[in-house]
Amino acid sequence: MRLHLHLLSDSTGETLENIAKAALAQYDDVETVRHFWPMVRTEAHLDRILQEIAHNPGLVIYTLVNSATRRVLEQRCHALGLPAVAPLDPVTDALSGMLGQTAKARPGRQHVLDAEYFARVEAIQFTIAHDDGVGAEDWEEADIVLAGVSRSSKTPTAIYLANRGYKAANIPIVVESPPPPELFRLRNPLIVGLTTSADRLIAIRRNRLLSLNQRAETPYVDQELVAREIAYARRMFADNGWPVIDVTRRSIEETAAAIIALVNERRFGPAADKEAE
């Protein structure tokens with residue numbers, strides 16, 4: 001099935017994209033043509049978009065706070081016989097009822113340059129500067145330190161966490177080169193060990209070698225040596241009492257969510273289990 005999906009936002013549209021992605025993940029065999037329309041703040045702009053919607057009819061999902069613009073969109077979609085959905089309305093209405101306040105009709109208010117925004121920028125800068133074992137002298141400033149063998153998703157997970165506002169350093173665990181002693185003296189950061197199955201790790205490493213046009217058969221992908229690496233890392237995690245996350249069947253987002261849960265458990269109460277699997 002082919003579906004035209006029109007996403008209209010008076011801001012960056014990031015919220016809409018995430019909602020649409022989460023909803024579409026529940027359906028199989030759907031070919032989606034996405035029409036993304038951010039920063040829709042005038043009726044003239046909306047008129048141009050409505051011409052495209054009429055030409056490619058489909059589902060319209062929108063986050064528009066201006067009542068006049070919303071009304072025009074809803075009326076035109078109704079005339080075209082197309083569904084128009086405002087996914088944030090039920091949440092906003094419920095909050096208004098609970099708080100006894102009317103929502104501020106200000107586009108993109110979640111993207112204002114507040115303290116949280118600058119903290120996130122600082123976290124991203126810190127994480128980039130402390131990738132792959134760099135900057136051990138600053139690790140105490142981190143919120144999270146990820147440890148794991150090569151290609152165990154440390155860097156992408158750290159970057160994702162940084163975008164959530166966490167300063168995340170990461171360090172590779174290498175049998176021939178033990179970590180610096182600073183790692184074992186850390187008090188502030190939550191140190192999390194990432195592990196995976198040998199088969200998955202070898203497959204990822206082979207793809208990496210192919211992308212670099214290097215030989216496919218090296219010690220880097222040797223079954224016995226890889227198993228030894230993983231065992232070495234897991235012993236280190238256990239000896240130091242670090243929580244461990246098995247990323248074998250996890251996406252980056254799922255791994256990050258598990259880590260954030262560990263951070264919250266550490267802040268607000270003891271973790272029930274050291275192994276988050």
# chains A, B, ... in the order shown; residues from 1 in each chain; ligands from 1
>>> residues_around(residues="Ala84 of chain A", least_positions_apart="4", cutoff="8 Å", atoms="only C-alpha atoms", output="list of chain:residue names")
A:Leu59, A:Val60, A:Ile61, A:Tyr62, A:Glu74, A:Cys77, A:His78
>>> select_by_dssp(residues="segment 29-229 of chain A", states="helix (DSSP H, G or I)", output="MDAnalysis selection string")
chainID A and resid 43:55 67:80 89:99 109:111 115:129 136:141 154:163 181:185 198:211 219:221 223:229
>>> residues_around(residues="Trp37 of chain A", least_positions_apart="5", cutoff="7 Å", atoms="only C-alpha atoms", output="ChimeraX atom specification")
/A:7-9
>>> atom_distance(atom1="atom CA of Phe237 of chain A", atom2="atom CA of Arg120 of chain A")
28.4 Å
>>> select_by_dssp(residues="segment 57-250 of chain A", states="strand (DSSP E or B)", output="NGL selection string")
:A and (59-63 or 84-85 or 144-148 or 168-172 or 174 or 177 or 190-195 or 244-246)
>>> write_last_selection(atoms="N, CA and C atoms", output="compact mmCIF listing (two decimals), in the first residue's frame")
# COMPACT_ATOMS: atom_id res chain seq x y z
N LEU A 59 -2.96 11.29 4.43
CA LEU A 59 -3.18 11.65 5.83
C LEU A 59 -2.41 12.93 6.16
N VAL A 60 -3.10 13.86 6.84
CA VAL A 60 -2.49 15.12 7.25
C VAL A 60 -2.35 15.11 8.77
N ILE A 61 -1.13 15.29 9.24
CA ILE A 61 -0.87 15.37 10.68
C ILE A 61 -0.23 16.73 10.94
N TYR A 62 -0.71 17.44 11.94
CA TYR A 62 -0.23 18.82 12.10
C TYR A 62 -0.08 19.21 13.57
N THR A 63 0.84 20.12 13.80
CA THR A 63 0.98 20.81 15.08
C THR A 63 1.04 22.30 14.76
N ALA A 84 -7.45 14.95 9.02
CA ALA A 84 -6.43 15.87 9.55
C ALA A 84 -6.36 15.66 11.06
N VAL A 85 -5.21 15.29 11.55
CA VAL A 85 -5.04 14.90 12.95
C VAL A 85 -4.07 15.83 13.64
N ILE A 144 28.05 9.92 32.46
CA ILE A 144 28.07 8.50 32.11
C ILE A 144 29.38 8.20 31.40
N VAL A 145 29.99 7.07 31.72
CA VAL A 145 31.15 6.57 30.98
C VAL A 145 30.78 5.18 30.46
N LEU A 146 30.86 5.01 29.16
CA LEU A 146 30.56 3.72 28.54
C LEU A 146 31.85 2.97 28.25
N ALA A 147 31.89 1.70 28.62
CA ALA A 147 33.07 0.87 28.37
C ALA A 147 32.63 -0.37 27.59
N GLY A 148 33.47 -0.79 26.65
CA GLY A 148 33.14 -1.98 25.88
C GLY A 148 34.18 -2.24 24.83
N ALA A 168 28.63 12.21 28.14
CA ALA A 168 28.98 10.78 28.06
C ALA A 168 30.36 10.60 27.43
N ALA A 169 31.26 10.01 28.17
CA ALA A 169 32.56 9.61 27.62
C ALA A 169 32.49 8.12 27.31
N ASN A 170 33.40 7.66 26.46
CA ASN A 170 33.43 6.21 26.21
C ASN A 170 34.87 5.76 26.02
N ILE A 171 35.12 4.50 26.39
CA ILE A 171 36.48 3.96 26.33
C ILE A 171 36.45 2.54 25.81
N PRO A 172 37.33 2.20 24.88
CA PRO A 172 37.39 0.82 24.38
C PRO A 172 38.12 -0.08 25.37
N VAL A 174 40.43 -3.14 25.58
CA VAL A 174 41.34 -3.89 24.71
C VAL A 174 42.20 -4.79 25.59
N SER A 177 45.80 -3.72 25.96
CA SER A 177 46.05 -2.37 26.47
C SER A 177 45.00 -2.02 27.53
N LEU A 190 28.35 7.46 36.17
CA LEU A 190 27.89 6.07 36.17
C LEU A 190 28.66 5.36 35.07
N ILE A 191 29.41 4.34 35.41
CA ILE A 191 30.16 3.56 34.42
C ILE A 191 29.30 2.37 34.02
N VAL A 192 29.07 2.23 32.72
CA VAL A 192 28.22 1.16 32.20
C VAL A 192 29.02 0.33 31.20
N GLY A 193 29.00 -0.97 31.37
CA GLY A 193 29.66 -1.86 30.43
C GLY A 193 28.69 -2.29 29.33
N LEU A 194 29.13 -2.19 28.09
CA LEU A 194 28.33 -2.66 26.96
C LEU A 194 28.93 -3.97 26.44
N THR A 195 28.11 -4.95 26.28
CA THR A 195 28.58 -6.23 25.77
C THR A 195 27.66 -6.70 24.65
N VAL A 244 25.83 -3.82 33.46
CA VAL A 244 26.14 -4.29 32.11
C VAL A 244 24.87 -4.31 31.28
N ILE A 245 24.98 -3.86 30.03
CA ILE A 245 23.86 -3.92 29.10
C ILE A 245 24.30 -4.72 27.88
N ASP A 246 23.52 -5.74 27.56
CA ASP A 246 23.79 -6.55 26.37
C ASP A 246 23.10 -5.88 25.18
>>> atom_distance(atom1="atom CA of Glu116 of chain A", atom2="atom CA of Pro243 of chain A")
27.5 Å
>>> decode(residues="segment 43-59 of chain A", atoms="all heavy atoms", output="mmCIF file, in the first residue's frame")
data_model
loop_
_atom_site.group_PDB
_atom_site.id
_atom_site.type_symbol
_atom_site.label_atom_id
_atom_site.label_comp_id
_atom_site.auth_asym_id
_atom_site.auth_seq_id
_atom_site.Cartn_x
_atom_site.Cartn_y
_atom_site.Cartn_z
ATOM 1 N N GLU A 43 -0.994 32.095 6.361
ATOM 2 C CA GLU A 43 -2.005 31.470 5.512
ATOM 3 C C GLU A 43 -1.534 31.372 4.069
ATOM 4 O O GLU A 43 -1.923 30.444 3.343
ATOM 5 C CB GLU A 43 -3.315 32.247 5.616
ATOM 6 C CG GLU A 43 -3.998 32.068 6.969
ATOM 7 C CD GLU A 43 -5.399 32.639 7.007
ATOM 8 O OE1 GLU A 43 -6.080 32.575 5.958
ATOM 9 O OE2 GLU A 43 -5.811 33.136 8.066
ATOM 10 N N ALA A 44 -0.685 32.301 3.640
ATOM 11 C CA ALA A 44 -0.148 32.237 2.280
ATOM 12 C C ALA A 44 0.709 30.992 2.098
ATOM 13 O O ALA A 44 0.622 30.297 1.075
ATOM 14 C CB ALA A 44 0.668 33.495 1.988
ATOM 15 N N HIS A 45 1.534 30.696 3.103
ATOM 16 C CA HIS A 45 2.351 29.491 3.073
ATOM 17 C C HIS A 45 1.452 28.251 3.080
ATOM 18 O O HIS A 45 1.658 27.300 2.323
ATOM 19 C CB HIS A 45 3.298 29.482 4.275
ATOM 20 C CG HIS A 45 4.313 28.387 4.232
ATOM 21 N ND1 HIS A 45 5.164 28.117 5.287
ATOM 22 C CD2 HIS A 45 4.614 27.465 3.280
ATOM 23 C CE1 HIS A 45 5.938 27.099 4.966
ATOM 24 N NE2 HIS A 45 5.627 26.679 3.760
ATOM 25 N N LEU A 46 0.428 28.292 3.918
ATOM 26 C CA LEU A 46 -0.487 27.161 4.018
ATOM 27 C C LEU A 46 -1.220 26.929 2.702
ATOM 28 O O LEU A 46 -1.439 25.776 2.297
ATOM 29 C CB LEU A 46 -1.485 27.401 5.149
ATOM 30 C CG LEU A 46 -2.518 26.298 5.385
ATOM 31 C CD1 LEU A 46 -1.826 24.973 5.704
ATOM 32 C CD2 LEU A 46 -3.471 26.693 6.497
ATOM 33 N N ASP A 47 -1.597 27.998 2.002
ATOM 34 C CA ASP A 47 -2.293 27.856 0.714
ATOM 35 C C ASP A 47 -1.451 27.068 -0.284
ATOM 36 O O ASP A 47 -1.967 26.211 -1.014
ATOM 37 C CB ASP A 47 -2.630 29.235 0.136
ATOM 38 C CG ASP A 47 -3.820 29.877 0.843
ATOM 39 O OD1 ASP A 47 -4.598 29.134 1.472
ATOM 40 O OD2 ASP A 47 -3.956 31.117 0.781
ATOM 41 N N ARG A 48 -0.147 27.355 -0.318
ATOM 42 C CA ARG A 48 0.740 26.637 -1.243
ATOM 43 C C ARG A 48 0.823 25.155 -0.877
ATOM 44 O O ARG A 48 0.843 24.274 -1.744
ATOM 45 C CB ARG A 48 2.129 27.272 -1.242
ATOM 46 C CG ARG A 48 2.159 28.692 -1.795
ATOM 47 C CD ARG A 48 3.576 29.165 -2.056
ATOM 48 N NE ARG A 48 4.372 29.257 -0.846
ATOM 49 C CZ ARG A 48 4.431 30.341 -0.067
ATOM 50 N NH1 ARG A 48 3.729 31.429 -0.394
ATOM 51 N NH2 ARG A 48 5.184 30.352 1.007
ATOM 52 N N ILE A 49 0.855 24.892 0.417
ATOM 53 C CA ILE A 49 0.925 23.503 0.884
ATOM 54 C C ILE A 49 -0.364 22.763 0.554
ATOM 55 O O ILE A 49 -0.346 21.594 0.128
ATOM 56 C CB ILE A 49 1.209 23.465 2.400
ATOM 57 C CG1 ILE A 49 2.599 24.039 2.694
ATOM 58 C CG2 ILE A 49 1.082 22.044 2.948
ATOM 59 C CD1 ILE A 49 2.848 24.294 4.159
ATOM 60 N N LEU A 50 -1.498 23.432 0.712
ATOM 61 C CA LEU A 50 -2.784 22.797 0.451
ATOM 62 C C LEU A 50 -2.934 22.398 -1.012
ATOM 63 O O LEU A 50 -3.602 21.406 -1.339
ATOM 64 C CB LEU A 50 -3.923 23.723 0.881
ATOM 65 C CG LEU A 50 -4.145 23.785 2.396
ATOM 66 C CD1 LEU A 50 -5.004 24.981 2.768
ATOM 67 C CD2 LEU A 50 -4.770 22.490 2.906
ATOM 68 N N GLN A 51 -2.323 23.152 -1.901
ATOM 69 C CA GLN A 51 -2.325 22.762 -3.313
ATOM 70 C C GLN A 51 -1.608 21.430 -3.506
ATOM 71 O O GLN A 51 -2.057 20.564 -4.266
ATOM 72 C CB GLN A 51 -1.656 23.859 -4.154
ATOM 73 C CG GLN A 51 -2.423 25.175 -4.186
ATOM 74 C CD GLN A 51 -1.670 26.257 -4.938
ATOM 75 O OE1 GLN A 51 -0.851 25.980 -5.812
ATOM 76 N NE2 GLN A 51 -1.946 27.509 -4.599
ATOM 77 N N GLU A 52 -0.471 21.252 -2.796
ATOM 78 C CA GLU A 52 0.275 19.993 -2.874
ATOM 79 C C GLU A 52 -0.514 18.853 -2.233
ATOM 80 O O GLU A 52 -0.515 17.717 -2.729
ATOM 81 C CB GLU A 52 1.625 20.159 -2.179
ATOM 82 C CG GLU A 52 2.519 18.935 -2.226
ATOM 83 C CD GLU A 52 2.981 18.600 -3.632
ATOM 84 O OE1 GLU A 52 3.006 19.503 -4.500
ATOM 85 O OE2 GLU A 52 3.305 17.424 -3.878
ATOM 86 N N ILE A 53 -1.208 19.145 -1.135
ATOM 87 C CA ILE A 53 -2.018 18.127 -0.476
ATOM 88 C C ILE A 53 -3.144 17.673 -1.403
ATOM 89 O O ILE A 53 -3.444 16.474 -1.510
ATOM 90 C CB ILE A 53 -2.589 18.660 0.851
ATOM 91 C CG1 ILE A 53 -1.444 18.874 1.863
ATOM 92 C CG2 ILE A 53 -3.626 17.707 1.423
ATOM 93 C CD1 ILE A 53 -1.884 19.524 3.164
ATOM 94 N N ALA A 54 -3.767 18.620 -2.099
ATOM 95 C CA ALA A 54 -4.843 18.266 -3.039
ATOM 96 C C ALA A 54 -4.302 17.426 -4.189
ATOM 97 O O ALA A 54 -4.994 16.522 -4.689
ATOM 98 C CB ALA A 54 -5.497 19.538 -3.563
ATOM 99 N N HIS A 55 -3.071 17.719 -4.605
ATOM 100 C CA HIS A 55 -2.459 16.980 -5.712
ATOM 101 C C HIS A 55 -2.036 15.581 -5.284
ATOM 102 O O HIS A 55 -2.060 14.633 -6.086
ATOM 103 C CB HIS A 55 -1.249 17.764 -6.236
ATOM 104 C CG HIS A 55 -0.610 17.142 -7.438
ATOM 105 N ND1 HIS A 55 -1.237 17.041 -8.665
ATOM 106 C CD2 HIS A 55 0.616 16.563 -7.600
ATOM 107 C CE1 HIS A 55 -0.435 16.446 -9.522
ATOM 108 N NE2 HIS A 55 0.692 16.133 -8.908
ATOM 109 N N ASN A 56 -1.624 15.434 -3.998
ATOM 110 C CA ASN A 56 -1.197 14.133 -3.457
ATOM 111 C C ASN A 56 -1.978 13.850 -2.172
ATOM 112 O O ASN A 56 -1.446 13.984 -1.064
ATOM 113 C CB ASN A 56 0.305 14.132 -3.168
ATOM 114 C CG ASN A 56 1.143 14.235 -4.419
ATOM 115 O OD1 ASN A 56 1.164 13.331 -5.241
ATOM 116 N ND2 ASN A 56 1.829 15.361 -4.578
ATOM 117 N N PRO A 57 -3.244 13.499 -2.293
ATOM 118 C CA PRO A 57 -4.077 13.319 -1.095
ATOM 119 C C PRO A 57 -3.581 12.187 -0.206
ATOM 120 O O PRO A 57 -3.066 11.175 -0.686
ATOM 121 C CB PRO A 57 -5.460 13.009 -1.674
ATOM 122 C CG PRO A 57 -5.195 12.509 -3.057
ATOM 123 C CD PRO A 57 -3.975 13.221 -3.539
ATOM 124 N N GLY A 58 -3.733 12.401 1.087
ATOM 125 C CA GLY A 58 -3.320 11.396 2.053
ATOM 126 C C GLY A 58 -3.650 11.846 3.461
ATOM 127 O O GLY A 58 -4.527 12.704 3.667
ATOM 128 N N LEU A 59 -2.964 11.293 4.428
ATOM 129 C CA LEU A 59 -3.179 11.651 5.833
ATOM 130 C C LEU A 59 -2.413 12.931 6.163
ATOM 131 O O LEU A 59 -1.236 13.065 5.832
ATOM 132 C CB LEU A 59 -2.703 10.511 6.736
ATOM 133 C CG LEU A 59 -2.747 10.763 8.251
ATOM 134 C CD1 LEU A 59 -4.155 11.046 8.723
ATOM 135 C CD2 LEU A 59 -2.150 9.573 9.003
#
